[in-house]
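*Asks:* Got coords18.cif for you, mmCIF, C-alpha atoms:
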```
data_target
#
loop_
_atom_site.group_PDB
_atom_site.id
_atom_site.type_symbol
_atom_site.label_atom_id
_atom_site.label_comp_id
_atom_site.auth_asym_id
_atom_site.auth_seq_id
_atom_site.Cartn_x
_atom_site.Cartn_y
_atom_site.Cartn_z
ATOM 1 C CA MET A 1264 -83.177 -10.996 42.151
ATOM 2 C CA ALA A 1265 -86.834 -10.606 43.050
ATOM 3 C CA ASN A 1266 -89.307 -9.711 40.318
ATOM 4 C CA ASN A 1267 -91.085 -6.370 40.769
ATOM 5 C CA GLN A 1268 -94.466 -8.074 40.392
ATOM 6 C CA ASN A 1269 -96.669 -7.731 43.511
ATOM 7 C CA SER A 1270 -94.082 -5.276 44.897
ATOM 8 C CA ASP A 1271 -96.741 -3.267 46.764
ATOM 9 C CA ASN A 1272 -97.455 -6.310 48.936
ATOM 10 C CA LYS A 1273 -93.871 -6.286 50.243
ATOM 11 C CA LYS A 1274 -93.749 -2.655 51.385
ATOM 12 C CA GLY A 1275 -92.944 -2.320 55.070
ATOM 13 C CA LEU A 1276 -92.320 -6.041 55.523
ATOM 14 C CA HIS A 1277 -89.239 -7.885 56.715
ATOM 15 C CA PHE A 1278 -88.740 -11.629 56.431
ATOM 16 C CA ASP A 1279 -86.796 -13.882 58.794
ATOM 17 C CA PHE A 1280 -85.909 -17.149 57.092
ATOM 18 C CA TYR A 1281 -84.845 -20.113 59.228
ATOM 19 C CA THR A 1282 -83.142 -22.811 57.230
ATOM 20 C CA SER A 1283 -80.315 -25.296 56.967
ATOM 21 C CA PHE A 1284 -78.018 -25.151 53.960
ATOM 22 C CA SER A 1285 -77.897 -28.960 53.828
ATOM 23 C CA CYS A 1286 -81.662 -29.602 53.812
ATOM 24 C CA PRO A 1287 -83.305 -30.113 50.377
ATOM 25 C CA TYR A 1288 -86.721 -29.055 51.690
ATOM 26 C CA ALA A 1289 -85.333 -25.814 53.096
ATOM 27 C CA HIS A 1290 -83.434 -25.323 49.833
ATOM 28 C CA ARG A 1291 -86.778 -25.240 48.006
ATOM 29 C CA SER A 1292 -87.962 -22.311 50.020
ATOM 30 C CA TYR A 1293 -84.651 -20.473 49.813
ATOM 31 C CA ILE A 1294 -84.845 -20.549 46.004
ATOM 32 C CA CYS A 1295 -88.450 -19.343 46.122
ATOM 33 C CA LEU A 1296 -87.604 -16.609 48.615
ATOM 34 C CA LEU A 1297 -84.840 -15.346 46.338
ATOM 35 C CA GLU A 1298 -87.344 -15.311 43.459
ATOM 36 C CA CYS A 1299 -89.935 -13.361 45.444
ATOM 37 C CA VAL A 1300 -88.177 -11.032 47.883
ATOM 38 C CA ASP A 1301 -85.243 -8.639 47.546
ATOM 39 C CA LYS A 1302 -82.151 -9.884 49.387
ATOM 40 C CA GLU A 1303 -81.988 -6.815 51.623
ATOM 41 C CA GLN A 1304 -85.562 -7.443 52.754
ATOM 42 C CA PHE A 1305 -84.908 -10.775 54.480
ATOM 43 C CA THR A 1306 -82.527 -12.149 57.086
ATOM 44 C CA TYR A 1307 -81.058 -15.621 56.661
ATOM 45 C CA HIS A 1308 -80.773 -17.700 59.856
ATOM 46 C CA GLU A 1309 -78.700 -20.879 59.539
ATOM 47 C CA ILE A 1310 -80.048 -23.611 61.860
ATOM 48 C CA ASP A 1311 -77.469 -26.291 62.643
ATOM 49 C CA LEU A 1312 -79.330 -29.598 62.403
ATOM 50 C CA GLU A 1313 -76.320 -31.561 63.683
ATOM 51 C CA LYS A 1314 -76.465 -29.564 66.914
ATOM 52 C CA GLN A 1315 -80.265 -29.989 67.047
ATOM 53 C CA GLU A 1316 -80.815 -26.238 67.187
ATOM 54 C CA GLN A 1317 -84.263 -26.802 65.651
ATOM 55 C CA LYS A 1318 -85.245 -28.655 68.845
ATOM 56 C CA SER A 1319 -84.255 -25.845 71.225
ATOM 57 C CA GLU A 1320 -86.941 -24.359 73.449
ATOM 58 C CA ILE A 1321 -86.738 -20.916 71.855
ATOM 59 C CA TYR A 1322 -87.049 -22.398 68.351
ATOM 60 C CA LEU A 1323 -90.010 -24.578 69.300
ATOM 61 C CA THR A 1324 -91.863 -21.789 71.106
ATOM 62 C CA THR A 1325 -91.226 -18.835 68.800
ATOM 63 C CA ILE A 1326 -90.407 -20.181 65.339
ATOM 64 C CA ASN A 1327 -91.674 -23.690 64.552
ATOM 65 C CA PRO A 1328 -93.354 -25.905 67.174
ATOM 66 C CA GLN A 1329 -92.706 -28.921 64.910
ATOM 67 C CA GLY A 1330 -88.959 -28.471 65.298
ATOM 68 C CA LYS A 1331 -88.140 -28.456 61.577
ATOM 69 C CA VAL A 1332 -86.758 -26.242 58.855
ATOM 70 C CA PRO A 1333 -87.650 -24.234 56.895
ATOM 71 C CA ALA A 1334 -89.664 -21.589 58.694
ATOM 72 C CA LEU A 1335 -90.549 -18.084 57.549
ATOM 73 C CA ILE A 1336 -91.540 -15.226 59.825
ATOM 74 C CA VAL A 1337 -93.096 -12.207 58.139
ATOM 75 C CA LYS A 1338 -92.690 -9.117 60.311
ATOM 76 C CA ARG A 1339 -95.442 -6.601 59.592
ATOM 77 C CA SER A 1340 -94.618 -4.206 62.424
ATOM 78 C CA ASP A 1341 -92.505 -3.897 65.570
ATOM 79 C CA LYS A 1342 -95.167 -5.814 67.474
ATOM 80 C CA GLU A 1343 -94.485 -9.523 67.837
ATOM 81 C CA GLU A 1344 -98.208 -10.320 67.771
ATOM 82 C CA ASP A 1345 -98.371 -8.979 64.201
ATOM 83 C CA ASN A 1346 -95.836 -11.533 62.959
ATOM 84 C CA LEU A 1347 -96.915 -14.217 60.505
ATOM 85 C CA ASN A 1348 -95.219 -17.592 61.005
ATOM 86 C CA VAL A 1349 -95.313 -19.899 57.967
ATOM 87 C CA ILE A 1350 -93.830 -23.411 58.052
ATOM 88 C CA GLU A 1351 -93.400 -26.383 55.659
ATOM 89 C CA SER A 1352 -91.499 -25.811 52.416
ATOM 90 C CA LEU A 1353 -94.380 -26.182 49.957
ATOM 91 C CA VAL A 1354 -96.698 -24.080 52.112
ATOM 92 C CA ILE A 1355 -94.050 -21.361 52.337
ATOM 93 C CA ASN A 1356 -93.590 -21.433 48.569
ATOM 94 C CA ASP A 1357 -97.347 -21.216 47.937
ATOM 95 C CA PHE A 1358 -97.557 -18.293 50.375
ATOM 96 C CA LEU A 1359 -94.702 -16.451 48.651
ATOM 97 C CA GLN A 1360 -96.078 -17.086 45.166
ATOM 98 C CA GLU A 1361 -99.625 -16.022 46.008
ATOM 99 C CA ASN A 1362 -98.567 -12.799 47.708
ATOM 100 C CA PHE A 1363 -95.328 -11.683 46.076
ATOM 101 C CA ARG A 1364 -94.693 -13.410 42.738
ATOM 102 C CA SER A 1365 -97.854 -14.665 41.055
ATOM 103 C CA ASN A 1366 -96.091 -15.516 37.788
ATOM 104 C CA LEU A 1367 -94.296 -18.478 39.369
ATOM 105 C CA LEU A 1368 -97.417 -20.254 38.108
ATOM 106 C CA PRO A 1369 -99.124 -19.684 34.736
ATOM 107 C CA ILE A 1370 -101.407 -16.643 34.547
ATOM 108 C CA CYS A 1371 -104.385 -16.986 32.182
ATOM 109 C CA GLU A 1372 -107.337 -14.805 31.249
ATOM 110 C CA ASP A 1373 -109.424 -17.951 31.635
ATOM 111 C CA LYS A 1374 -109.417 -18.308 35.442
ATOM 112 C CA LEU A 1375 -110.719 -21.865 35.297
ATOM 113 C CA LYS A 1376 -107.760 -22.791 33.101
ATOM 114 C CA GLN A 1377 -105.430 -20.989 35.499
ATOM 115 C CA SER A 1378 -106.895 -22.901 38.445
ATOM 116 C CA TYR A 1379 -106.515 -26.170 36.542
ATOM 117 C CA LEU A 1380 -102.827 -25.481 35.857
ATOM 118 C CA LYS A 1381 -102.279 -24.658 39.527
ATOM 119 C CA ALA A 1382 -103.903 -27.994 40.380
ATOM 120 C CA GLN A 1383 -101.554 -29.719 37.933
ATOM 121 C CA ALA A 1384 -98.596 -28.141 39.716
ATOM 122 C CA LYS A 1385 -99.788 -29.519 43.047
ATOM 123 C CA ILE A 1386 -100.534 -32.967 41.575
ATOM 124 C CA TRP A 1387 -97.104 -33.370 40.018
ATOM 125 C CA ILE A 1388 -95.178 -31.934 42.964
ATOM 126 C CA SER A 1389 -96.970 -34.509 45.105
ATOM 127 C CA TYR A 1390 -96.088 -37.262 42.633
ATOM 128 C CA PHE A 1391 -92.474 -36.111 42.632
ATOM 129 C CA ASP A 1392 -92.218 -36.108 46.426
ATOM 130 C CA ASN A 1393 -93.788 -39.544 46.779
ATOM 131 C CA ASN A 1394 -92.010 -41.304 43.923
ATOM 132 C CA ILE A 1395 -88.820 -39.456 42.942
ATOM 133 C CA GLY A 1396 -87.592 -37.120 45.672
ATOM 134 C CA ASN A 1397 -87.933 -39.846 48.297
ATOM 135 C CA PHE A 1398 -85.195 -41.830 46.528
ATOM 136 C CA LEU A 1399 -82.562 -39.436 47.878
ATOM 137 C CA MET A 1400 -82.097 -41.240 51.185
ATOM 138 C CA LYS A 1401 -82.650 -44.660 49.583
ATOM 139 C CA ILE A 1402 -79.688 -43.995 47.316
ATOM 140 C CA ALA A 1403 -77.672 -42.483 50.156
ATOM 141 C CA PHE A 1404 -78.125 -45.614 52.293
ATOM 142 C CA GLU A 1405 -77.721 -48.158 49.487
ATOM 143 C CA GLN A 1406 -74.623 -50.260 50.179
ATOM 144 C CA SER A 1407 -74.431 -52.172 46.890
ATOM 145 C CA LYS A 1408 -73.760 -50.460 43.556
ATOM 146 C CA ASP A 1409 -75.052 -53.558 41.720
ATOM 147 C CA LYS A 1410 -78.343 -53.403 43.635
ATOM 148 C CA LEU A 1411 -78.554 -49.703 42.900
ATOM 149 C CA VAL A 1412 -78.068 -50.296 39.149
ATOM 150 C CA ASP A 1413 -80.321 -53.378 39.009
ATOM 151 C CA GLU A 1414 -83.198 -52.268 41.261
ATOM 152 C CA SER A 1415 -83.346 -48.766 42.726
ATOM 153 C CA LEU A 1416 -82.178 -46.686 39.785
ATOM 154 C CA PRO A 1417 -84.384 -48.338 37.114
ATOM 155 C CA LEU A 1418 -87.427 -47.873 39.361
ATOM 156 C CA LEU A 1419 -86.533 -44.233 39.963
ATOM 157 C CA GLN A 1420 -86.040 -43.613 36.239
ATOM 158 C CA ASN A 1421 -89.365 -45.272 35.419
ATOM 159 C CA HIS A 1422 -91.019 -42.801 37.778
ATOM 160 C CA MET A 1423 -89.139 -40.007 35.990
ATOM 161 C CA PHE A 1424 -90.463 -41.315 32.665
ATOM 162 C CA PHE A 1425 -94.046 -41.317 34.013
ATOM 163 C CA PHE A 1426 -93.547 -37.765 35.292
ATOM 164 C CA THR A 1427 -92.276 -36.697 31.848
ATOM 165 C CA GLU A 1428 -95.417 -38.083 30.228
ATOM 166 C CA GLY A 1429 -97.475 -35.957 32.596
ATOM 167 C CA LYS A 1430 -95.363 -32.867 31.902
ATOM 168 C CA ARG A 1431 -95.802 -33.345 28.144
ATOM 169 C CA ARG A 1432 -99.601 -33.481 28.543
ATOM 170 C CA VAL A 1433 -99.555 -30.293 30.614
ATOM 171 C CA GLN A 1434 -97.418 -28.503 28.023
ATOM 172 C CA LYS A 1435 -99.705 -29.675 25.216
ATOM 173 C CA PHE A 1436 -102.700 -28.282 27.111
ATOM 174 C CA LEU A 1437 -100.802 -25.053 27.784
ATOM 175 C CA GLY A 1438 -99.688 -24.827 24.147
ATOM 176 C CA GLU A 1439 -96.098 -24.141 25.110
ATOM 177 C CA GLU A 1440 -92.988 -26.312 24.983
ATOM 178 C CA GLY A 1441 -89.770 -25.689 26.868
ATOM 179 C CA PRO A 1442 -87.318 -27.158 29.361
ATOM 180 C CA PHE A 1443 -89.330 -26.311 32.479
ATOM 181 C CA PHE A 1444 -92.488 -28.023 33.705
ATOM 182 C CA PHE A 1445 -94.643 -25.206 32.280
ATOM 183 C CA GLY A 1446 -92.610 -24.845 29.097
ATOM 184 C CA LYS A 1447 -90.570 -21.638 29.107
ATOM 185 C CA ARG A 1448 -91.821 -20.581 32.559
ATOM 186 C CA PHE A 1449 -89.667 -21.330 35.631
ATOM 187 C CA SER A 1450 -92.219 -22.257 38.277
ATOM 188 C CA LEU A 1451 -92.943 -23.654 41.720
ATOM 189 C CA VAL A 1452 -92.758 -27.155 40.246
ATOM 190 C CA ASP A 1453 -89.159 -26.708 39.103
ATOM 191 C CA ILE A 1454 -88.246 -25.101 42.431
ATOM 192 C CA ALA A 1455 -89.751 -28.019 44.358
ATOM 193 C CA MET A 1456 -87.818 -30.628 42.391
ATOM 194 C CA PHE A 1457 -84.336 -29.217 41.958
ATOM 195 C CA PRO A 1458 -82.920 -29.613 45.512
ATOM 196 C CA HIS A 1459 -83.609 -33.353 45.550
ATOM 197 C CA ILE A 1460 -82.532 -33.978 41.958
ATOM 198 C CA VAL A 1461 -79.219 -32.178 42.357
ATOM 199 C CA ARG A 1462 -78.404 -34.174 45.493
ATOM 200 C CA ILE A 1463 -79.345 -37.476 43.848
ATOM 201 C CA GLN A 1464 -77.165 -36.655 40.829
ATOM 202 C CA ILE A 1465 -74.218 -35.730 43.055
ATOM 203 C CA LEU A 1466 -74.508 -39.029 44.951
ATOM 204 C CA LEU A 1467 -74.742 -41.059 41.743
ATOM 205 C CA SER A 1468 -71.779 -39.261 40.202
ATOM 206 C CA GLN A 1469 -69.654 -40.525 43.102
ATOM 207 C CA LEU A 1470 -70.394 -44.029 41.790
ATOM 208 C CA GLU A 1471 -69.787 -43.015 38.158
ATOM 209 C CA LEU A 1472 -73.517 -43.221 37.457
ATOM 210 C CA ASN A 1473 -75.743 -40.642 35.787
ATOM 211 C CA LEU A 1474 -79.350 -39.955 36.745
ATOM 212 C CA PHE A 1475 -80.068 -38.714 33.232
ATOM 213 C CA GLU A 1476 -78.892 -41.853 31.442
ATOM 214 C CA VAL A 1477 -80.024 -45.483 31.557
ATOM 215 C CA ASN A 1478 -77.229 -47.150 33.513
ATOM 216 C CA LEU A 1479 -76.657 -50.679 32.230
ATOM 217 C CA LYS A 1480 -73.774 -52.837 33.361
ATOM 218 C CA ASP A 1481 -72.048 -53.839 30.127
ATOM 219 C CA GLU A 1482 -71.981 -53.035 26.425
ATOM 220 C CA VAL A 1483 -73.659 -56.340 25.392
ATOM 221 C CA GLU A 1484 -76.631 -55.581 27.627
ATOM 222 C CA ILE A 1485 -76.771 -52.018 26.309
ATOM 223 C CA GLN A 1486 -76.887 -53.179 22.684
ATOM 224 C CA LYS A 1487 -79.563 -55.771 23.489
ATOM 225 C CA GLU A 1488 -81.732 -53.175 25.203
ATOM 226 C CA ARG A 1489 -81.314 -50.679 22.380
ATOM 227 C CA CYS A 1490 -82.316 -53.197 19.723
ATOM 228 C CA GLU A 1491 -85.135 -55.056 21.457
ATOM 229 C CA ASN A 1492 -86.739 -52.782 24.012
ATOM 230 C CA LYS A 1493 -88.873 -49.811 22.947
ATOM 231 C CA ILE A 1494 -89.247 -48.853 26.601
ATOM 232 C CA TYR A 1495 -85.488 -48.286 26.715
ATOM 233 C CA ILE A 1496 -85.814 -45.701 23.932
ATOM 234 C CA GLU A 1497 -88.790 -44.000 25.594
ATOM 235 C CA VAL A 1498 -87.076 -43.822 28.980
ATOM 236 C CA THR A 1499 -83.858 -42.582 27.372
ATOM 237 C CA ASP A 1500 -85.757 -39.778 25.619
ATOM 238 C CA ALA A 1501 -87.466 -38.826 28.886
ATOM 239 C CA LEU A 1502 -84.140 -38.748 30.742
ATOM 240 C CA LYS A 1503 -82.700 -36.481 28.051
ATOM 241 C CA GLU A 1504 -85.548 -34.060 28.783
ATOM 242 C CA TRP A 1505 -84.682 -34.246 32.474
ATOM 243 C CA GLY A 1506 -81.055 -33.475 31.602
ATOM 244 C CA ALA A 1507 -82.121 -30.403 29.618
ATOM 245 C CA TRP A 1508 -84.371 -29.365 32.504
ATOM 246 C CA PHE A 1509 -81.511 -29.756 34.991
ATOM 247 C CA LYS A 1510 -79.226 -27.564 32.883
ATOM 248 C CA ALA A 1511 -81.896 -24.867 32.465
ATOM 249 C CA VAL A 1512 -82.730 -24.775 36.183
ATOM 250 C CA LYS A 1513 -79.058 -24.477 37.178
ATOM 251 C CA GLU A 1514 -78.840 -21.343 35.019
ATOM 252 C CA GLN A 1515 -81.529 -19.563 37.062
ATOM 253 C CA LYS A 1516 -80.035 -16.776 39.166
ATOM 254 C CA SER A 1517 -81.980 -17.785 42.268
ATOM 255 C CA VAL A 1518 -80.608 -21.334 42.007
ATOM 256 C CA GLN A 1519 -77.075 -20.025 41.516
ATOM 257 C CA LEU A 1520 -77.345 -17.785 44.577
ATOM 258 C CA SER A 1521 -78.894 -20.521 46.690
ATOM 259 C CA SER A 1522 -76.231 -23.125 45.995
ATOM 260 C CA TYR A 1523 -73.560 -22.963 43.306
ATOM 261 C CA SER A 1524 -72.675 -19.294 43.707
ATOM 262 C CA PRO A 1525 -73.779 -18.396 47.219
ATOM 263 C CA THR A 1526 -72.842 -14.992 48.589
ATOM 264 C CA PHE A 1527 -71.845 -16.790 51.809
ATOM 265 C CA VAL A 1528 -71.016 -20.215 53.131
ATOM 266 C CA PRO A 1529 -72.890 -20.662 56.425
ATOM 267 C CA ASP A 1530 -70.886 -21.440 59.539
ATOM 268 C CA ASN A 1531 -72.186 -24.794 60.699
ATOM 269 C CA THR A 1532 -71.093 -28.299 61.630
ATOM 270 C CA ILE A 1533 -70.737 -29.427 58.012
ATOM 271 C CA THR A 1534 -68.407 -26.585 57.053
ATOM 272 C CA ALA A 1535 -66.403 -27.294 60.230
ATOM 273 C CA ILE A 1536 -66.060 -30.961 59.193
ATOM 274 C CA MET A 1537 -64.883 -29.887 55.749
ATOM 275 C CA LYS A 1538 -62.305 -27.523 57.237
ATOM 276 C CA GLU A 1539 -61.019 -30.278 59.534
ATOM 277 C CA LYS A 1540 -60.566 -32.538 56.503
ATOM 278 C CA GLY A 1541 -58.870 -29.761 54.554
ATOM 279 C CA ILE A 1542 -61.695 -29.609 51.991
ATOM 280 C CA GLU A 1543 -62.166 -26.231 50.341
ATOM 281 C CA TYR A 1544 -65.784 -25.178 49.861
ATOM 282 C CA ASP A 1545 -67.354 -26.894 46.895
ATOM 283 C CA TYR A 1546 -71.102 -27.411 46.565
ATOM 284 C CA ASP A 1547 -70.883 -31.061 45.486
ATOM 285 C CA LYS A 1548 -68.512 -31.879 48.343
ATOM 286 C CA TYR A 1549 -70.743 -29.981 50.760
ATOM 287 C CA VAL A 1550 -73.721 -32.116 49.728
ATOM 288 C CA ILE A 1551 -71.720 -35.328 50.205
ATOM 289 C CA GLU A 1552 -70.548 -34.282 53.673
ATOM 290 C CA SER A 1553 -74.054 -33.203 54.723
ATOM 291 C CA ILE A 1554 -75.548 -36.527 53.579
ATOM 292 C CA ASN A 1555 -72.809 -38.462 55.378
ATOM 293 C CA ALA A 1556 -73.629 -36.519 58.533
ATOM 294 C CA ALA A 1557 -77.339 -37.227 58.083
ATOM 295 C CA LYS A 1558 -76.672 -40.947 57.607
ATOM 296 C CA LYS A 1559 -74.830 -41.038 60.938
ATOM 297 C CA ARG A 1560 -77.698 -39.172 62.599
ATOM 298 C CA PHE A 1561 -80.333 -41.599 61.259
ATOM 299 C CA LYS A 1562 -78.471 -44.790 62.196
#
```
Transcribe the structure of this file into structure tokens.

*Replies:*
Amino acid sequence: MANNQNSDNKKGLHFDFYTSFSCPYAHRSYICLLECVDKEQFTYHEIDLEKQEQKSEIYLTTINPQGKVPALIVKRSDKEEDNLNVIESLVINDFLQENFRSNLLPICEDKLKQSYLKAQAKIWISYFDNNIGNFLMKIAFEQSKDKLVDESLPLLQNHMFFFTEGKRRVQKFLGEEGPFFFGKRFSLVDIAMFPHIVRIQILLSQLELNLFEVNLKDEVEIQKERCENKIYIEVTDALKEWGAWFKAVKEQKSVQLSSYSPTFVPDNTITAIMKEKGIEYDYDKYVIESINAAKKRFK
């Protein structure tokens, strides 16, 4: 899976990746790890959040003192003191990109331009986290479908429209159009966004709603909006771009391996719950069960 770029940097290294299959933040780094490092060069450690394994003494003292996933340990030798511990999903992804897969961001002869595009990636990932990704739990905890359709979802989709405007400006500056944030280049921005977007879409689909369409309550209202509201058309066009982006990202091999076509299904509390209910493994159902478990934990 990993690209051969920066391959010399990986020689003699082994990576221990501590994650939870249900966590969207950890999912970001798993996709990036699959993009950057050969599968045989890292070990996957499933941390059971329902059992609070991330709060155990050994985890806090040797892996991540903040008691969270993901965490990445880079083993440079047999000596523990030579290990490099990297935590926080976006920090891990930056570390992997800078050292093992530089083309997960645009590469330009003009280094100032390259630095500017890297800054744009950070700006829009931050905007996504603060205004789009954070809707995941809001939607998960929303009790009323009407309130979701009338309030939460329109606000979320307006943020998605604003993000699309920013993406279009970046692509115009880059001189390249395409489904991904940087046109035809799958990048850290796409990796950062997918785990939250896929979970939001799965939740909405349970309510017969679609993240990539304007969800209005009846046909009369739809016709009125189409005829009278230019914003409706602009938002609809932006959501179509998001739909094309979603399809393109799901076709990436790293995304397939990290979720839809995993080479394993980790043994954890969520899979045990599914087995008890007689549910065969299915990614969408896994996401629903993991969010239900999280909702109980946060109550």

*Asks:* Run through the PyMOL selection byres ((chain A and resi 1272-1277) around 10) on the given coordinates and return the selected residues as a ChimeraX atom specification.

*Replies:* /A:1267-1271,1278-1280,1299-1301,1303-1306,1336-1340,1346,1362-1364

*Asks:* Apply the PyMOL selection byres ((chain A and resi 1388) around 10) to the displayed file and report the matching residues as a PDB file with C-alpha atoms, in the frame of the given file.

*Replies:*
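This went into selection-v2.pdb:
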```pdb
ATOM      1  CA  LEU A1353     -94.380 -26.182  49.957  1.00  0.00           C
ATOM      2  CA  ALA A1382    -103.903 -27.994  40.380  1.00  0.00           C
ATOM      3  CA  GLN A1383    -101.554 -29.719  37.933  1.00  0.00           C
ATOM      4  CA  ALA A1384     -98.596 -28.141  39.716  1.00  0.00           C
ATOM      5  CA  LYS A1385     -99.788 -29.519  43.047  1.00  0.00           C
ATOM      6  CA  ILE A1386    -100.534 -32.967  41.575  1.00  0.00           C
ATOM      7  CA  TRP A1387     -97.104 -33.370  40.018  1.00  0.00           C
ATOM      8  CA  SER A1389     -96.970 -34.509  45.105  1.00  0.00           C
ATOM      9  CA  TYR A1390     -96.088 -37.262  42.633  1.00  0.00           C
ATOM     10  CA  PHE A1391     -92.474 -36.111  42.632  1.00  0.00           C
ATOM     11  CA  ASP A1392     -92.218 -36.108  46.426  1.00  0.00           C
ATOM     12  CA  ASN A1393     -93.788 -39.544  46.779  1.00  0.00           C
ATOM     13  CA  ASN A1394     -92.010 -41.304  43.923  1.00  0.00           C
ATOM     14  CA  ILE A1395     -88.820 -39.456  42.942  1.00  0.00           C
ATOM     15  CA  GLY A1396     -87.592 -37.120  45.672  1.00  0.00           C
ATOM     16  CA  PHE A1426     -93.547 -37.765  35.292  1.00  0.00           C
ATOM     17  CA  LEU A1451     -92.943 -23.654  41.720  1.00  0.00           C
ATOM     18  CA  VAL A1452     -92.758 -27.155  40.246  1.00  0.00           C
ATOM     19  CA  ASP A1453     -89.159 -26.708  39.103  1.00  0.00           C
ATOM     20  CA  ILE A1454     -88.246 -25.101  42.431  1.00  0.00           C
ATOM     21  CA  ALA A1455     -89.751 -28.019  44.358  1.00  0.00           C
ATOM     22  CA  MET A1456     -87.818 -30.628  42.391  1.00  0.00           C
TER      23      MET A1456
END
```

*Asks:* Distance atom CA of Phe1449 of chain A-atom CA of Lys1510 of chain A, one decimal place?

*Replies:*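 For atom CA of Phe1449 of chain A relative to atom CA of Lys1510 of chain A, the distance reads 12.5 Å.
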
*Asks:* Nearest to Ile1551 of chain A among A:His1308, A:Lys1538, A:Lys1302, A:Arg1462, with distances taken over all atoms listed in the file: which residue is it?

*Replies:*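 Nearest candidate to Ile1551 of chain A out of A:His1308, A:Lys1538, A:Lys1302, A:Arg1462: A:Arg1462.
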
*Asks:* Interatomic distance between atom CA of Thr1325 of chain A and atom CA of Lys1559 of chain A?

*Replies:*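 Computed distance, atom CA of Thr1325 of chain A to atom CA of Lys1559 of chain A, equals 28.7 Å.
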
*Asks:* May I ask for the distance between atom CA of Cys1295 of chain A and atom CA of Thr1324 of chain A, given in Å to one decimal place?

*Replies:*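 Separation between atom CA of Cys1295 of chain A and atom CA of Thr1324 of chain A: 25.3 Å.
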
*Asks:* Box in all listed atoms of segment 1542-1559 of chain A, axis-aligned, with 8 Å more on each side; write out centre and edge lengths in Å to one decimal as lines of an AutoDock Vina configuration file.

*Replies:*
```
center_x = -69.5
center_y = -33.1
center_z = 53.2
size_x = 31.6
size_y = 31.9
size_z = 31.5
```

*Asks:* Determine, counting only C-alpha atoms, every residue of protein, DNA or RNA that lies within 9 Å of (-75.5, -24.4, 49.6) in the file coordinates, then give the result as an MDAnalysis selection string.

*Replies:* chainID A and resid 1283:1285 1290 1520:1525 1527:1529 1545:1546 1549:1550

*Asks:* Selection in question (the file shown): the PyMOL selection byres ((chain A and resi 1326) around 12). Which residues does it include, as a VMD selection string?

*Replies:* chain A and resid 1279 to 1282 1308 1310 1316 to 1325 1327 to 1337 1343 1346 to 1351

*Asks:* Go through A:Tyr1495, A:Pro1369, A:Glu1543, A:Ile1355 one by one, measure the shortest atom-to-atom distance of each to Glu1439 of chain A using all atoms listed in the file, and give the residue with the smallest value.

*Replies:*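 Ranking A:Tyr1495, A:Pro1369, A:Glu1543, A:Ile1355 by distance to Glu1439 of chain A, first place goes to A:Pro1369.
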
*Asks:* Counting only C-alpha atoms, which of A:Ala1403, A:Leu1411, A:Val1477, A:Leu1368 gets nearest to Phe1443 of chain A?

*Replies:* A:Leu1368

*Asks:* Which residue out of A:Val1354, A:Leu1367, A:Leu1419, A:Val1433 has the minimum interatomic distance to Tyr1288 of chain A when all atoms listed in the file are used?

*Replies:* A:Val1354

*Asks:* I want to know what sits within 9 Å of Ile1402 of chain A, based on all atoms listed in the file, with residues of the same chain fewer than 3 positions away left out; could you give that as a VMD selection string?

*Replies:* chain A and resid 1398 to 1399 1405 to 1406 1411 1415 to 1416 1463 1466 to 1467

*Asks:* Out of A:Phe1444, A:Glu1428, A:Lys1516, A:Asn1531, which residue has the shortest atom-to-atom distance to Leu1297 of chain A when counting all atoms listed in the file?

*Replies:*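 Checking each candidate against Leu1297 of chain A, we get A:Lys1516 as the closest.
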
*Asks:* Which residue out of A:Asn1366, A:His1459, A:Glu1440, A:Lys1430 has the minimum interatomic distance to Ala1289 of chain A when all atoms listed in the file are used?

*Replies:*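 Of A:Asn1366, A:His1459, A:Glu1440, A:Lys1430, the one nearest Ala1289 of chain A, counting all atoms listed in the file, is A:His1459.
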
*Asks:* Using only C-alpha atoms - which residues lie no farther than 6 Å from the point (-84.6, -22.8, 42.0) in the file's frame? Write them as number ranges by chain.

*Replies:* A: 1294, 1454, 1517-1518
